[in-house]
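Asker: Coordinates in input02.tsv, TSV, C-alpha atoms and all ligand atoms, are listed below.
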chain	number	residue	atom	x	y	z
A	1	MET	CA	92.92	103.60	87.91
A	2	PRO	CA	95.74	105.65	89.43
A	3	LEU	CA	97.39	104.91	92.80
A	4	PRO	CA	99.44	107.41	94.81
A	5	PHE	CA	102.22	104.87	95.48
A	6	ALA	CA	105.38	103.57	93.82
A	7	LEU	CA	103.02	101.05	92.21
A	8	ASP	CA	101.10	103.75	90.37
A	9	HIS	CA	98.05	101.97	88.94
A	10	VAL	CA	95.60	99.14	89.41
A	11	ASN	CA	93.74	97.48	86.54
A	12	LEU	CA	89.98	97.14	86.79
A	13	TRP	CA	87.84	95.25	84.30
A	14	LEU	CA	84.39	96.11	83.01
A	15	LEU	CA	82.34	93.16	81.81
A	16	GLU	CA	79.19	93.60	79.72
A	17	ASP	CA	76.35	92.28	81.81
A	18	GLY	CA	73.01	92.33	79.97
A	19	GLU	CA	71.56	95.82	80.31
A	20	GLY	CA	74.40	96.99	82.52
A	21	TRP	CA	77.94	96.24	83.54
A	22	THR	CA	79.88	94.28	86.12
A	23	ALA	CA	83.12	95.82	87.36
A	24	VAL	CA	85.91	93.65	88.67
A	25	ASP	CA	87.44	95.68	91.54
A	26	THR	CA	86.91	99.35	92.33
A	27	GLY	CA	90.20	101.20	92.73
A	28	LEU	CA	91.36	103.02	95.84
A	29	GLY	CA	89.04	105.12	98.01
A	30	TRP	CA	90.59	108.32	96.73
A	31	GLU	CA	89.07	111.40	95.10
A	32	PRO	CA	90.87	111.15	91.71
A	33	VAL	CA	89.49	107.61	91.34
A	34	ARG	CA	85.96	108.71	92.25
A	35	ALA	CA	86.26	111.46	89.61
A	36	LEU	CA	87.23	108.90	86.95
A	37	TRP	CA	84.32	106.66	87.94
A	38	ARG	CA	81.92	109.61	87.71
A	39	GLY	CA	83.05	109.97	84.11
A	40	LEU	CA	82.54	106.27	83.40
A	41	LEU	CA	79.24	105.59	85.11
A	42	PRO	CA	76.86	107.40	82.72
A	43	ALA	CA	77.85	105.13	79.82
A	44	HIS	CA	78.45	102.10	82.04
A	45	PRO	CA	75.56	101.64	84.48
A	46	LEU	CA	77.02	99.30	87.07
A	47	GLN	CA	74.85	96.58	88.52
A	48	ARG	CA	77.53	94.64	90.30
A	49	VAL	CA	81.08	94.93	91.61
A	50	LEU	CA	83.05	91.73	91.88
A	51	VAL	CA	85.86	92.27	94.37
A	52	THR	CA	88.88	89.99	93.95
A	53	HIS	CA	90.14	90.69	97.49
A	54	CYS	CA	89.98	93.15	100.35
A	55	HIS	CA	93.08	95.30	99.67
A	56	PRO	CA	92.36	99.04	99.38
A	57	ASP	CA	93.22	99.36	95.68
A	58	HIS	CA	90.69	96.60	94.94
A	59	MET	CA	87.75	97.35	97.24
A	60	GLY	CA	88.30	100.94	98.33
A	61	LEU	CA	85.19	102.25	96.56
A	62	ALA	CA	82.83	99.26	96.88
A	63	SER	CA	80.62	101.09	99.34
A	64	TRP	CA	80.68	104.32	97.34
A	65	LEU	CA	79.76	102.48	94.11
A	66	GLN	CA	76.94	100.76	95.96
A	67	ARG	CA	75.55	104.16	96.89
A	68	GLU	CA	76.46	106.07	93.74
A	69	ALA	CA	75.48	103.45	91.15
A	70	GLY	CA	73.41	100.89	93.08
A	71	ALA	CA	76.01	98.18	92.36
A	72	THR	CA	75.94	95.17	94.68
A	73	THR	CA	79.25	93.97	96.07
A	74	TRP	CA	80.13	90.34	95.44
A	75	MET	CA	83.15	89.01	97.31
A	76	SER	CA	84.52	86.20	99.45
A	77	PRO	CA	83.08	86.23	102.99
A	78	ARG	CA	86.61	85.68	104.36
A	79	GLU	CA	87.87	88.72	102.49
A	80	PHE	CA	84.97	90.79	103.78
A	81	ALA	CA	85.61	89.59	107.35
A	82	THR	CA	89.27	90.64	106.97
A	83	ALA	CA	88.20	94.05	105.68
A	84	GLU	CA	85.96	94.43	108.74
A	85	ALA	CA	88.79	93.35	111.06
A	86	TRP	CA	91.31	95.82	109.61
A	87	HIS	CA	88.79	98.62	109.31
A	88	GLY	CA	87.45	98.10	112.81
A	89	GLU	CA	90.84	97.20	114.35
A	90	SER	CA	89.55	94.00	115.97
A	91	PRO	CA	91.94	92.16	118.36
A	92	GLY	CA	95.13	91.17	116.55
A	93	ASN	CA	94.24	93.23	113.47
A	94	ALA	CA	95.06	96.80	114.51
A	95	PRO	CA	98.13	98.56	113.08
A	96	GLN	CA	99.71	98.42	116.58
A	97	ASP	CA	99.41	94.62	116.52
A	98	LEU	CA	101.28	94.49	113.24
A	99	TYR	CA	104.02	96.82	114.47
A	100	ALA	CA	104.39	94.80	117.70
A	101	PHE	CA	104.75	91.71	115.50
A	102	PHE	CA	107.46	93.43	113.44
A	103	ARG	CA	109.21	94.50	116.65
A	104	LEU	CA	109.25	90.86	117.73
A	105	HIS	CA	110.96	90.17	114.41
A	106	GLY	CA	113.65	92.78	114.99
A	107	LEU	CA	112.38	95.93	113.29
A	108	GLU	CA	114.18	98.85	114.90
A	109	ASP	CA	112.29	101.63	116.72
A	110	ARG	CA	113.11	104.31	114.15
A	111	ARG	CA	111.56	102.38	111.28
A	112	ARG	CA	108.61	101.26	113.36
A	113	ALA	CA	107.91	104.85	114.36
A	114	ALA	CA	107.79	105.84	110.68
A	115	LEU	CA	105.16	103.13	110.15
A	116	GLU	CA	103.16	104.14	113.21
A	117	ARG	CA	102.92	107.75	112.09
A	118	ARG	CA	100.90	106.60	109.10
A	119	GLY	CA	97.92	105.54	111.26
A	120	ASN	CA	95.35	103.08	109.94
A	121	THR	CA	96.28	103.09	106.24
A	122	TYR	CA	93.59	100.50	105.53
A	123	ARG	CA	90.87	102.89	106.62
A	124	GLN	CA	92.49	105.65	104.57
A	125	GLY	CA	92.25	103.53	101.41
A	126	VAL	CA	88.87	101.97	102.26
A	127	PRO	CA	87.04	104.86	103.93
A	128	GLU	CA	83.83	102.86	104.34
A	129	LEU	CA	82.71	99.26	103.93
A	130	PRO	CA	79.67	98.17	101.91
A	131	SER	CA	76.66	97.55	104.13
A	132	GLN	CA	75.64	94.47	102.15
A	133	VAL	CA	77.69	91.80	100.45
A	134	ARG	CA	76.83	88.79	98.32
A	135	GLY	CA	79.31	86.03	99.21
A	136	ILE	CA	81.14	84.08	96.51
A	137	ARG	CA	82.82	80.71	96.94
A	138	GLU	CA	85.45	78.45	95.39
A	139	GLY	CA	84.29	76.81	92.16
A	140	GLU	CA	81.14	78.93	91.88
A	141	GLU	CA	80.21	79.92	88.33
A	142	ILE	CA	79.09	83.52	88.10
A	143	LEU	CA	77.06	84.40	85.03
A	144	VAL	CA	78.03	87.79	83.62
A	145	GLY	CA	76.07	88.56	80.46
A	146	GLU	CA	76.30	85.37	78.43
A	147	HIS	CA	79.48	84.10	80.00
A	148	ALA	CA	80.16	81.96	83.03
A	149	TRP	CA	83.15	83.00	85.15
A	150	LYS	CA	84.45	80.38	87.53
A	151	VAL	CA	85.79	81.52	90.90
A	152	VAL	CA	89.28	80.16	91.63
A	153	MET	CA	90.30	81.01	95.18
A	154	GLY	CA	93.92	81.60	96.10
A	155	GLN	CA	95.72	82.23	99.37
A	156	GLY	CA	98.97	83.74	100.59
A	157	HIS	CA	98.50	87.26	99.22
A	158	SER	CA	95.20	87.73	101.03
A	159	PRO	CA	93.00	85.24	102.92
A	160	GLU	CA	90.82	84.10	100.02
A	161	HIS	CA	91.58	85.94	96.80
A	162	ALA	CA	89.13	85.33	93.95
A	163	SER	CA	90.51	84.96	90.44
A	164	LEU	CA	87.90	84.60	87.69
A	165	PHE	CA	88.25	82.18	84.81
A	166	CYS	CA	86.07	82.13	81.68
A	167	GLU	CA	86.86	79.01	79.70
A	168	ALA	CA	84.69	80.04	76.72
A	169	LEU	CA	86.57	83.33	76.32
A	170	GLY	CA	89.94	81.88	77.33
A	171	ILE	CA	90.47	84.65	79.88
A	172	LEU	CA	91.75	84.54	83.44
A	173	ILE	CA	91.22	87.66	85.55
A	174	ALA	CA	94.07	86.89	87.89
A	175	GLY	CA	93.86	89.86	90.25
A	176	ASP	CA	97.03	90.06	92.32
A	177	MET	CA	97.71	86.31	92.22
A	178	LEU	CA	99.73	86.48	88.98
A	179	LEU	CA	101.54	89.65	87.97
A	180	PRO	CA	103.74	89.88	84.88
A	181	ARG	CA	106.69	91.99	86.06
A	182	ILE	CA	106.64	92.17	89.82
A	183	THR	CA	105.98	89.38	92.26
A	184	THR	CA	102.84	89.31	94.37
A	185	ASN	CA	103.40	90.37	97.95
A	186	ILE	CA	103.24	87.38	100.28
A	187	SER	CA	102.83	88.55	103.86
A	188	ALA	CA	102.80	87.13	107.35
A	189	HIS	CA	100.23	88.80	109.63
A	190	SER	CA	100.12	89.48	113.34
A	191	VAL	CA	96.80	87.71	113.79
A	192	ALA	CA	98.13	84.43	112.32
A	193	PRO	CA	101.88	84.67	112.99
A	194	ARG	CA	102.67	81.02	112.25
A	195	GLU	CA	100.59	80.69	109.09
A	196	ASP	CA	102.65	79.51	106.11
A	197	ALA	CA	101.52	82.23	103.69
A	198	LEU	CA	104.20	81.36	101.14
A	199	GLY	CA	103.26	77.67	101.22
A	200	LEU	CA	99.61	78.61	100.71
A	201	TYR	CA	100.52	80.89	97.80
A	202	LEU	CA	102.64	78.23	96.06
A	203	GLU	CA	99.81	75.74	96.51
A	204	SER	CA	97.37	78.25	94.99
A	205	LEU	CA	99.63	78.69	91.95
A	206	GLY	CA	99.10	74.97	91.33
A	207	ARG	CA	95.35	75.56	91.03
A	208	LEU	CA	95.85	78.36	88.50
A	209	GLU	CA	98.37	76.32	86.55
A	210	ALA	CA	95.86	73.47	86.26
A	211	LEU	CA	93.33	75.62	84.38
A	212	PRO	CA	92.66	74.33	80.86
A	213	GLY	CA	94.15	75.90	77.75
A	214	ASP	CA	96.48	78.88	77.56
A	215	PRO	CA	94.28	81.73	78.79
A	216	LEU	CA	94.99	85.41	78.35
A	217	VAL	CA	95.90	86.53	81.86
A	218	LEU	CA	94.52	89.89	83.02
A	219	PRO	CA	96.59	90.98	86.02
A	220	SER	CA	95.76	93.79	88.47
A	221	HIS	CA	99.06	95.52	87.83
A	222	GLY	CA	100.96	95.61	84.51
A	223	LEU	CA	99.90	94.44	81.07
A	224	PRO	CA	97.82	91.41	80.08
A	225	PHE	CA	99.96	88.45	79.08
A	226	ARG	CA	99.95	84.89	77.80
A	227	GLY	CA	102.11	82.15	79.23
A	228	LEU	CA	100.40	81.34	82.50
A	229	ARG	CA	102.53	78.24	83.10
A	230	ILE	CA	105.79	80.00	82.25
A	231	ARG	CA	104.95	82.76	84.73
A	232	VAL	CA	104.05	80.23	87.43
A	233	ALA	CA	107.39	78.46	86.86
A	234	GLN	CA	109.23	81.81	87.13
A	235	LEU	CA	107.44	82.64	90.37
A	236	ARG	CA	108.22	79.25	91.87
A	237	ALA	CA	111.89	79.68	90.92
A	238	HIS	CA	111.92	83.21	92.37
A	239	HIS	CA	110.65	82.08	95.77
A	240	ALA	CA	112.91	79.02	95.82
A	241	ARG	CA	115.89	81.31	95.20
A	242	ARG	CA	114.83	83.68	97.98
A	243	CYS	CA	114.43	80.74	100.34
A	244	ASP	CA	117.93	79.49	99.47
A	245	LEU	CA	119.40	82.94	100.12
A	246	LEU	CA	117.72	83.18	103.53
A	247	GLN	CA	118.73	79.67	104.50
A	248	ALA	CA	122.35	80.40	103.58
A	249	ALA	CA	122.28	83.66	105.54
A	250	CYS	CA	121.00	81.83	108.63
A	251	ALA	CA	123.71	79.15	108.41
A	252	GLN	CA	126.38	81.10	110.30
A	253	ALA	CA	124.37	82.52	113.18
A	254	PRO	CA	120.72	83.04	114.12
A	255	ARG	CA	119.23	86.05	112.30
A	256	ASP	CA	116.05	88.06	112.74
A	257	ALA	CA	113.77	89.07	109.87
A	258	ALA	CA	114.67	92.78	109.95
A	259	SER	CA	118.39	92.01	109.62
A	260	LEU	CA	117.61	89.80	106.62
A	261	LEU	CA	115.85	92.46	104.53
A	262	PRO	CA	119.08	93.28	102.60
A	263	VAL	CA	119.44	89.56	101.83
A	264	LEU	CA	115.93	89.32	100.41
A	265	PHE	CA	115.81	92.68	98.62
A	266	GLU	CA	118.57	94.08	96.48
A	267	ARG	CA	117.60	97.70	96.97
A	268	GLU	CA	117.57	99.70	100.16
A	269	ILE	CA	114.14	99.69	101.82
A	270	GLU	CA	113.50	103.04	103.52
A	271	ASP	CA	109.95	104.06	102.58
A	272	PRO	CA	107.58	102.96	105.41
A	273	PHE	CA	105.10	101.44	102.97
A	274	GLN	CA	107.83	99.30	101.43
A	275	THR	CA	109.05	98.35	104.91
A	276	LEU	CA	105.59	97.00	105.65
A	277	PHE	CA	105.58	94.75	102.60
A	278	ALA	CA	109.23	93.77	103.02
A	279	MET	CA	108.89	92.69	106.65
A	280	GLY	CA	105.72	90.71	105.95
A	281	GLU	CA	107.38	89.03	102.99
A	282	CYS	CA	110.59	88.21	104.86
A	283	ILE	CA	108.76	86.68	107.84
A	284	ALA	CA	106.54	84.65	105.47
A	285	HIS	CA	109.64	83.15	103.81
A	286	LEU	CA	111.25	82.38	107.19
A	287	VAL	CA	108.08	80.71	108.51
A	288	HIS	CA	107.88	78.69	105.27
A	289	LEU	CA	111.46	77.45	105.75
A	290	GLU	CA	110.69	76.67	109.39
A	291	ARG	CA	107.61	74.66	108.39
A	292	ARG	CA	109.72	72.65	105.99
A	293	GLY	CA	112.21	71.88	108.76
A	294	LEU	CA	114.99	73.90	107.10
A	295	LEU	CA	115.22	76.62	109.75
A	296	GLY	CA	114.85	76.50	113.51
A	297	ARG	CA	113.48	79.30	115.67
A	298	VAL	CA	115.35	80.91	118.59
A	299	GLU	CA	113.03	82.89	120.82
A	300	ALA	CA	115.07	83.45	123.98
A	301	GLY	CA	116.51	86.91	124.61
A	302	GLY	CA	115.57	89.64	122.12
A	303	PRO	CA	113.90	89.32	118.74
A	304	VAL	CA	112.80	86.02	117.19
A	305	ARG	CA	115.71	84.62	115.20
A	306	PHE	CA	116.03	81.78	112.74
A	307	VAL	CA	118.93	79.41	112.27
A	308	ALA	CA	119.68	76.81	109.62
A	401	ZN	ZN	96.43	92.84	96.83
When written as structure tokens, how does the structure in this file appear?
Ligand SMILES: [Zn+2]
Answerer:
Amino acid sequence: MPLPFALDHVNLWLLEDGEGWTAVDTGLGWEPVRALWRGLLPAHPLQRVLVTHCHPDHMGLASWLQREAGATTWMSPREFATAEAWHGESPGNAPQDLYAFFRLHGLEDRRRAALERRGNTYRQGVPELPSQVRGIREGEEILVGEHAWKVVMGQGHSPEHASLFCEALGILIAGDMLLPRITTNISAHSVAPREDALGLYLESLGRLEALPGDPLVLPSHGLPFRGLRIRVAQLRAHHARRCDLLQAACAQAPRDAASLLPVLFEREIEDPFQTLFAMGECIAHLVHLERRGLLGRVEAGGPVRFVA
């Protein structure tokens, strides 16, 4: 399904499910995606939508598909609670909370203002939430047609991201946890500012790596691939390298996250959407280094800074 961003598509999966179909993810709550679904639904009566996680490109149309096709939404209760928090702007989860958090980490007024002008982008991508959800949990086996799909939860990208593994078919629907060409965004959030999102993500990779066999990996962005363990090793090396770069940059003097964006990312980050991901990612790496005792935190006078 198309996305109106630099990342221009999201992959959804349709699984034969007896008389009907189960969709994995929904696409963004956006008219061109609804139009594509309208074309698909007559030949693919949907009975269920399995949502990997709460991000707009994955659950944006869950409510609409519930109404339009009668498909029940199955997803992690933690993911649904996060969707409710972002949609309803509960304490600590409103866009202003995130921008205040970024300000604390040194993001300059001009760039913050560009973010603020966008409003609640979550609500724009997920216009409405499903009124009923069937919760799924770690290790649960979900029967889709004749096949059992095991839920493998992962953290760091979102609170409790569900990947789905079918041993009989040798297929892992990895969602955003494993992408072939780009790295998954790992973000710190205002509501849990000291959470080690990168540590949680790396730990989750271990669970995916431990799956039996050499499954075909179906990612949410990019092409299906084989080589799950090679990709996990690449991702581990990528984050270790980024951590080394940040640690080296903080060796001379204390630095705040915003000033470290050019260290972490080779290209200039100007687009507000990219700023959002970049700041979250940078803070997550700094908190991870702090947790491991490799960076210290300086909080007196001005933005939070980190020093090796
Ligand atoms: Zn995502």
Asker: Residues at most 9 Å from Phe80 (chain A), counting only C-alpha atoms, excluding those fewer than 4 positions away in the same chain, as an MDAnalysis selection string?
Answerer: chainID A and resid 53:54 75:76 84:85 129 133 135
Asker: Report as a PyMOL selection string all protein, DNA and RNA residues lying within 12 Å of Gly301 (chain A), evaluated on all atoms listed in the file, omitting residues in the same chain fewer than 6 positions from it.
Answerer: chain A and resi 104+106+254+256
Asker: For region 288-294 of chain A, find every residue with an atom within 12 Å (counting all atoms listed in the file), except residues of its own chain fewer than 4 positions away, and show them as a VMD selection string.
Answerer: chain A and resid 156 186 to 188 193 to 202 239 to 240 242 to 248 250 to 251 281 to 284 298 305 to 308
Asker: Please build the interface table for chain A against ligand ZN 401 (chain A) with a cut-off of 10 Å, listing for each qualifying residue the nearest atom pair and the distance in Å to one decimal; count all atoms listed in the file, order rows by chain and increasing number, and write it as a Markdown table.
Answerer:
| residue | atom | partner | partner_atom | distance |
| --- | --- | --- | --- | --- |
| A:Val10 | CA | A:ZN401 | ZN | 9.8 |
| A:Thr52 | CA | A:ZN401 | ZN | 8.6 |
| A:His53 | CA | A:ZN401 | ZN | 6.7 |
| A:Cys54 | CA | A:ZN401 | ZN | 7.4 |
| A:His55 | CA | A:ZN401 | ZN | 5.0 |
| A:Pro56 | CA | A:ZN401 | ZN | 7.8 |
| A:Asp57 | CA | A:ZN401 | ZN | 7.4 |
| A:His58 | CA | A:ZN401 | ZN | 7.1 |
| A:Met59 | CA | A:ZN401 | ZN | 9.8 |
| A:His157 | CA | A:ZN401 | ZN | 6.4 |
| A:Ser158 | CA | A:ZN401 | ZN | 6.7 |
| A:His161 | CA | A:ZN401 | ZN | 8.4 |
| A:Gly175 | CA | A:ZN401 | ZN | 7.7 |
| A:Asp176 | CA | A:ZN401 | ZN | 5.3 |
| A:Met177 | CA | A:ZN401 | ZN | 8.1 |
| A:Thr184 | CA | A:ZN401 | ZN | 7.7 |
| A:Asn185 | CA | A:ZN401 | ZN | 7.5 |
| A:Ile186 | CA | A:ZN401 | ZN | 9.4 |
| A:Ser220 | CA | A:ZN401 | ZN | 8.4 |
| A:His221 | CA | A:ZN401 | ZN | 9.8 |
Asker: Rank nothing, just name the residue among A:Ile230, A:Ala148, A:Leu223, A:Ile171 nearest to Glu209 (chain A), using all atoms listed in the file.
Answerer: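 With all atoms listed in the file as the atom set, the closest residue is A:Ile230.
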Asker: Between CA of Asn93 (chain A) and CA of Val191 (chain A), what is the spacing in Å?
Answerer: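 Straight-line distance from CA of Val191 (chain A) to CA of Asn93 (chain A) works out to 6.1 Å.
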Asker: Figure out the distance between CA of Ala258 (chain A) and CA of Leu107 (chain A), please, to one decimal in Å.
Answerer: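 So the answer is 5.1 Å.
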Asker: How would you write as a PyMOL selection string the residues that get within 8 Å of (74.4, 107.4, 90.2) in the file's frame, counting only C-alpha atoms?
Answerer: chain A and resi 41-42+67-70
Asker: Once you have the residues from the selection above, write them out as an mmCIF file, keeping the file's coordinate frame, restricted to C-alpha atoms.
Answerer:
data_model
loop_
_atom_site.group_PDB
_atom_site.id
_atom_site.type_symbol
_atom_site.label_atom_id
_atom_site.label_comp_id
_atom_site.auth_asym_id
_atom_site.auth_seq_id
_atom_site.Cartn_x
_atom_site.Cartn_y
_atom_site.Cartn_z
ATOM 1 C CA LEU A 41 79.240 105.590 85.110
ATOM 2 C CA PRO A 42 76.860 107.400 82.720
ATOM 3 C CA ARG A 67 75.550 104.160 96.890
ATOM 4 C CA GLU A 68 76.460 106.070 93.740
ATOM 5 C CA ALA A 69 75.480 103.450 91.150
ATOM 6 C CA GLY A 70 73.410 100.890 93.080
#
Asker: Please indicate the distance in Å from CA of Met153 (chain A) to CA of Gly139 (chain A), rounded to one decimal place.
Answerer: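 Rounded to one decimal, the two atoms are 7.9 Å apart.
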Asker: Would you mind listing what lies within 8 Å of Gly145 (chain A) as JSON, numbers by chain, with only C-alpha atoms counted and same-chain residues fewer than 6 positions away left out?
Answerer: {"A": [15, 16, 17, 18]}
Asker: Excluding same-chain residues fewer than 2 positions from Arg123 (chain A), what lies within 9 Å of it counting all atoms listed in the file, as a PyMOL selection string?
Answerer: chain A and resi 56+60+86-88+119-121+125-128
Asker: Which is closer to Asn11 (chain A) than all the others in A:Thr82, A:Trp30, A:Gly222, A:Val151, using all atoms listed in the file?
Answerer: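 Using all atoms listed in the file, the shortest distance to Asn11 (chain A) belongs to A:Gly222.
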Asker: At a cut-off of 10 Å around the point (91.7, 79.3, 94.4) (file coordinates), what residues fall inside when counting all atoms listed in the file? I'd like the answer as number ranges by chain.
Answerer: A: 137-139, 151-155, 160-164, 177, 201, 203-208
Asker: From the options A:Leu50, A:Leu3, A:Ala257, A:Leu12, which residue's atoms come nearest to Pro32 (chain A), counting all atoms listed in the file?
Answerer: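 Looking at the shortest contact to Pro32 (chain A), the residue is A:Leu3.
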Asker: Which one is closest to Ala71 (chain A): A:Trp21, A:Trp13, A:Phe5, A:Phe277? Count all atoms listed in the file.
Answerer: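 Counting all atoms listed in the file, the residue closest to Ala71 (chain A) is A:Trp21.
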Asker: Return the single residue from A:Val24, A:Leu218, A:Val33, A:Ala114 that is closest to Leu46 (chain A), with distances computed using only C-alpha atoms.
Answerer: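 Selected residue with least distance to Leu46 (chain A): A:Val24.
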Asker: Rank nothing, just name the residue among A:Pro272, A:Pro262, A:Pro224, A:Pro45 nearest to Leu14 (chain A), using all atoms listed in the file.
Answerer: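 Going through A:Pro272, A:Pro262, A:Pro224, A:Pro45 one by one, the smallest distance to Leu14 (chain A) is for A:Pro45.
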Asker: Return as AutoDock Vina command-line options the centre and edge lengths, in Å with one decimal, of the box along x, y and z that encloses every atom of region 255-264 of chain A in the file, padded by 5 Å per side.
Answerer:
--center_x 116.6 --center_y 89.7 --center_z 106.6 --size_x 15.7 --size_y 17.2 --size_z 22.3
